[in-house]
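Student: Once you've had a glance at the structure underneath, I'll fire off some questions.
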Amino acid sequence: MKAERNKTIDMTLEEGQKYLKRCRDLRDTEDTGILRAVNKTIIGDNLKVLPLLKKRSVDLLIADPPYNINKDFTGNRFKKISPGLYREYTREWLAATLPLLKDTASVYVCCDWESSAVIAEVLGEYLHIRNRITWQREKGRGALRNWKNGMEDIWFATVSDKYTFNLDAVKIRRRVMAPYKENGKPKDWEESGNGRYRDTCPSNFWDDISVPYWSMPENTAHPTQKPEKLIAKLILASSNEGDVVLDPFLGAGTTSVTAKKLNRKYIGIEQNPQYCVWAEKRLEMADEDPSVQGFSDGVFWERNTAAEQKRKNRNS
């Protein structure tokens, strides 16, 4: 029995049959041979599904492939391979997505420190690399003979030099510790019921992300679930309302759920039916609560600020 405040989504396949029925598979193709995929969760191997999707239809690709480590994804085990084989694996799935991307599309690929160099190398073969984002993952186990892994990377690339980047949509609201005034008026800061703050341009280091935990409604039993706040930054910066966001490694559904909450269209591909059930459950929950933890009033709040704490309390 779970504690009353434990909101983790972990229903079994048997319990989630109604959600499984909402998903698509390779049989759901139209007469044109194109898979009906927009605003759907597709069950299947992405290398088989991707060729059936509409060409030049995707505005934003967000990919979170298995990192090159030994990991059990609820029965589907990924075994660590050589850097060379992981490079070929990356080329294979990336090449399958490229025909789907518009000329104005952006691409984000998540990775750990060990696979980061391989990801960057392969992305550079096909796309224009714009930046490497590093975000602080405050969870993680310590190590006796090495430094604890507390960071992960996200590589940002584009198909061409023409792409979307909505700077004002991803500014961070930071508390002002030394409020400077000019002629008696605040300089570059404001004051509200939540204190003194400044909306700042985001850098490529993010230290304001909370990894989902048991009392958060977005949390699932997926072992490597990405936070909605993290994905929301990518979606808001690199797409507009009504754009199509593709995630070929959907997992428990964070990209699709966040896209829906932010009024984008989504396509999610996941080979594990268990994760598809959790994704569809979360998509249903998004109809009732479209909020993203840590994002309100059109800005992202620092971790543990008053506004974010209020939101946590409402969700607890």
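Within each chain, counting starts at residue 1; across the structure tokens, chains are named A, B, ... in the order shown, with ligands numbered 1 upward in that order.
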Looking only at strand (DSSP E) from DSSP on the backbone, list the matching residues of segment 63-244 of chain A as a PyMOL selection string.
Tutor: chain A and resi 63+71-73+76-78+101-111+128-136+151-158+172-175+181-182+185-186+190-192+195-200+205-206+244
Student: Contacts of segment 78-92 of chain A at 6 Å or less, counting only C-alpha atoms, minus same-chain residues fewer than 3 places along, as an MDAnalysis selection string?
Tutor: chainID A and resid 68:71 95 118
Student: Taking into account only C-alpha atoms, which residue in the set A:Arg36, A:Lys260, A:Lys226, A:Lys171 is nearest to Leu50 of chain A?
Tutor: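 The shortest atom-to-atom distance to Leu50 of chain A comes from A:Arg36.
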Student: Could you pull the residues within 12 Å of Leu35 of chain A, counting only C-alpha atoms, minus those fewer than 6 positions along the same chain, as a ChimeraX atom specification?
Tutor: /A:24-29,41-43,48-55,267,269
Student: Only N, CA and C atoms, please: the residues just picked out, written as a tab-separated table (two decimals), in the first residue's frame.
Tutor:
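Produced file result_2.tsv, reproduced below:
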```
chain	number	residue	atom	x	y	z
A	24	ARG	N	-1.63	3.91	-30.48
A	24	ARG	CA	-1.58	3.43	-31.85
A	24	ARG	C	-0.46	2.40	-31.99
A	25	ASP	N	-0.51	1.65	-33.07
A	25	ASP	CA	0.61	0.77	-33.39
A	25	ASP	C	0.80	0.76	-34.90
A	26	LEU	N	1.66	-0.10	-35.40
A	26	LEU	CA	2.01	-0.10	-36.82
A	26	LEU	C	0.84	-0.40	-37.74
A	27	ARG	N	-0.25	-0.92	-37.20
A	27	ARG	CA	-1.41	-1.25	-38.03
A	27	ARG	C	-2.27	-0.02	-38.34
A	28	ASP	N	-2.07	1.06	-37.61
A	28	ASP	CA	-2.94	2.23	-37.74
A	28	ASP	C	-2.47	3.18	-38.83
A	29	THR	N	-2.21	2.66	-40.01
A	29	THR	CA	-1.78	3.49	-41.14
A	29	THR	C	-2.96	3.80	-42.04
A	41	THR	N	0.14	8.35	-28.72
A	41	THR	CA	1.24	7.53	-28.22
A	41	THR	C	1.30	6.28	-29.09
A	42	ILE	N	2.44	6.02	-29.68
A	42	ILE	CA	2.59	4.89	-30.60
A	42	ILE	C	3.44	3.82	-29.94
A	43	ILE	N	2.93	2.61	-29.89
A	43	ILE	CA	3.68	1.48	-29.33
A	43	ILE	C	4.47	0.82	-30.45
A	48	LYS	N	11.10	1.16	-36.79
A	48	LYS	CA	10.04	0.69	-37.67
A	48	LYS	C	8.92	1.71	-37.80
A	49	VAL	N	8.71	2.50	-36.77
A	49	VAL	CA	7.62	3.48	-36.77
A	49	VAL	C	7.99	4.74	-37.54
A	50	LEU	N	9.20	5.24	-37.35
A	50	LEU	CA	9.60	6.53	-37.93
A	50	LEU	C	9.42	6.60	-39.45
A	51	PRO	N	9.75	5.55	-40.22
A	51	PRO	CA	9.57	5.64	-41.68
A	51	PRO	C	8.11	5.79	-42.11
A	52	LEU	N	7.16	5.53	-41.20
A	52	LEU	CA	5.74	5.61	-41.55
A	52	LEU	C	5.14	6.97	-41.23
A	53	LEU	N	5.92	7.87	-40.63
A	53	LEU	CA	5.40	9.18	-40.27
A	53	LEU	C	5.54	10.15	-41.45
A	54	LYS	N	4.75	11.21	-41.39
A	54	LYS	CA	4.72	12.18	-42.48
A	54	LYS	C	6.04	12.95	-42.57
A	55	LYS	N	6.60	13.02	-43.76
A	55	LYS	CA	7.87	13.70	-43.98
A	55	LYS	C	7.72	15.21	-43.80
A	267	ILE	N	3.90	13.80	-30.86
A	267	ILE	CA	3.98	12.41	-31.32
A	267	ILE	C	4.97	11.71	-30.41
A	269	ILE	N	6.75	7.95	-29.36
A	269	ILE	CA	6.97	6.54	-29.72
A	269	ILE	C	7.65	5.84	-28.56
```
Student: What residues in segment 24-245 of chain A get the DSSP label helix (DSSP H, G or I)? Please answer as a VMD selection string.
Tutor: chain A and resid 46 to 52 83 to 100 113 to 126 167 to 170 228 to 238
Student: One decimal, in Å: what's the spacing between atom CA of Ala3 of chain A and atom CA of Thr255 of chain A?
Tutor: 27.5 Å
Student: One decimal, Å: what's the distance from atom CA of Ala157 of chain A over to atom CA of Arg130 of chain A, could you say?
Tutor: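 Distance between the two atoms: 5.1 Å.
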Student: From the set A:Lys281, A:Leu101, A:Cys201, A:Lys265, which residue has the shortest atom-to-atom contact distance to Lys21 of chain A, counting only C-alpha atoms?
Tutor: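 Ranking A:Lys281, A:Leu101, A:Cys201, A:Lys265 by distance to Lys21 of chain A, first place goes to A:Lys281.
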Student: Give the answer as one residue: which of A:Ser106, A:Thr8, A:Ser210, A:Thr158 has the shortest atom-to-atom distance to Ala252 of chain A, using only C-alpha atoms?
Tutor: A:Thr8
Student: Give me, as a PyMOL selection string, all polymer residues having an atom no more than 9 Å from Asp199 of chain A, counting only C-alpha atoms and skipping those fewer than 6 positions away in the same chain.
Tutor: chain A and resi 171-175+188-190+299-300
Student: Take the selection from the previous step and output its residues with N, CA and C atoms, as a compact mmCIF listing (two decimals), in the first residue's frame.
Tutor:
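The resulting again_6.txt:
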```
# COMPACT_ATOMS: atom_id res chain seq x y z
N LYS A 171 12.71 32.92 -19.75
CA LYS A 171 13.47 33.68 -18.76
C LYS A 171 13.26 33.11 -17.36
N ILE A 172 14.27 33.31 -16.52
CA ILE A 172 14.24 32.77 -15.16
C ILE A 172 14.03 33.92 -14.18
N ARG A 173 13.13 33.74 -13.24
CA ARG A 173 12.88 34.75 -12.21
C ARG A 173 13.78 34.46 -11.01
N ARG A 174 14.74 35.33 -10.79
CA ARG A 174 15.71 35.15 -9.71
C ARG A 174 15.51 36.20 -8.63
N ARG A 175 15.73 35.78 -7.41
CA ARG A 175 15.65 36.71 -6.29
C ARG A 175 16.82 37.68 -6.34
N ASP A 188 16.64 47.45 -12.94
CA ASP A 188 16.63 46.08 -13.48
C ASP A 188 16.05 45.06 -12.52
N TRP A 189 15.17 45.45 -11.62
CA TRP A 189 14.49 44.49 -10.76
C TRP A 189 13.11 45.05 -10.37
N GLU A 190 12.26 44.17 -9.89
CA GLU A 190 10.91 44.55 -9.49
C GLU A 190 10.61 44.00 -8.11
N VAL A 299 7.08 32.67 -16.43
CA VAL A 299 8.52 32.58 -16.18
C VAL A 299 8.83 31.31 -15.40
N PHE A 300 10.09 30.89 -15.45
CA PHE A 300 10.57 29.78 -14.66
C PHE A 300 11.15 30.32 -13.35
```
Student: Which value, in Å to one decimal, gives the distance between atom CA of Val244 of chain A and atom CA of Leu283 of chain A?
Tutor: 16.0 Å
Student: At a cut-off of 7 Å, using only C-alpha atoms, what residues contact Lys7 of chain A? Leave out same-chain residues fewer than 5 positions from it and give the result as a PDB file with N, CA and C atoms, in the first residue's frame.
Tutor:
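Saved the output as selection.pdb:
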```
ATOM      1  N   TRP A 214       8.244  11.136  -5.136  1.00  0.00           N
ATOM      2  CA  TRP A 214       7.017  10.389  -4.867  1.00  0.00           C
ATOM      3  C   TRP A 214       5.768  11.224  -4.600  1.00  0.00           C
ATOM      4  N   SER A 215       5.910  12.442  -4.094  1.00  0.00           N
ATOM      5  CA  SER A 215       4.723  13.241  -3.788  1.00  0.00           C
ATOM      6  C   SER A 215       4.318  14.178  -4.924  1.00  0.00           C
ATOM      7  N   MET A 216       5.015  14.117  -6.050  1.00  0.00           N
ATOM      8  CA  MET A 216       4.686  14.968  -7.193  1.00  0.00           C
ATOM      9  C   MET A 216       3.757  14.222  -8.152  1.00  0.00           C
ATOM     10  N   PRO A 217       2.675  14.848  -8.596  1.00  0.00           N
ATOM     11  CA  PRO A 217       1.725  14.165  -9.482  1.00  0.00           C
ATOM     12  C   PRO A 217       2.337  13.672 -10.784  1.00  0.00           C
ATOM     13  N   ASN A 219       5.173  12.212 -11.136  1.00  0.00           N
ATOM     14  CA  ASN A 219       6.116  11.116 -10.906  1.00  0.00           C
ATOM     15  C   ASN A 219       5.535   9.767 -11.330  1.00  0.00           C
TER      16      ASN A 219
END
```
Student: Compare A:Glu4, A:Asp45, A:Asp112, A:Asp103 by their minimum atom-to-atom distance to Thr164 of chain A, counting only C-alpha atoms, and give me the closest one.
Tutor: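 Once distances to Thr164 of chain A are computed over only C-alpha atoms, the minimum belongs to A:Asp103.
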Student: When distances are computed from only C-alpha atoms, which of A:Ser116, A:Asn240, A:Thr254, A:Thr12 shows the smallest separation from Thr74 of chain A?
Tutor: A:Thr12
Student: Find the spatial neighbours of Pro227 of chain A, counting only C-alpha atoms, within a cut-off of 6 Å - ignore same-chain residues fewer than 3 positions away - and output them as a PyMOL selection string.
Tutor: chain A and resi 211-212+230
Student: Counting only C-alpha atoms, which residue out of A:Asp289, A:Glu114, A:Glu284, A:Asp297 sits closest to Glu152 of chain A?
Tutor: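 Of all the options, A:Glu114 lies closest to Glu152 of chain A.
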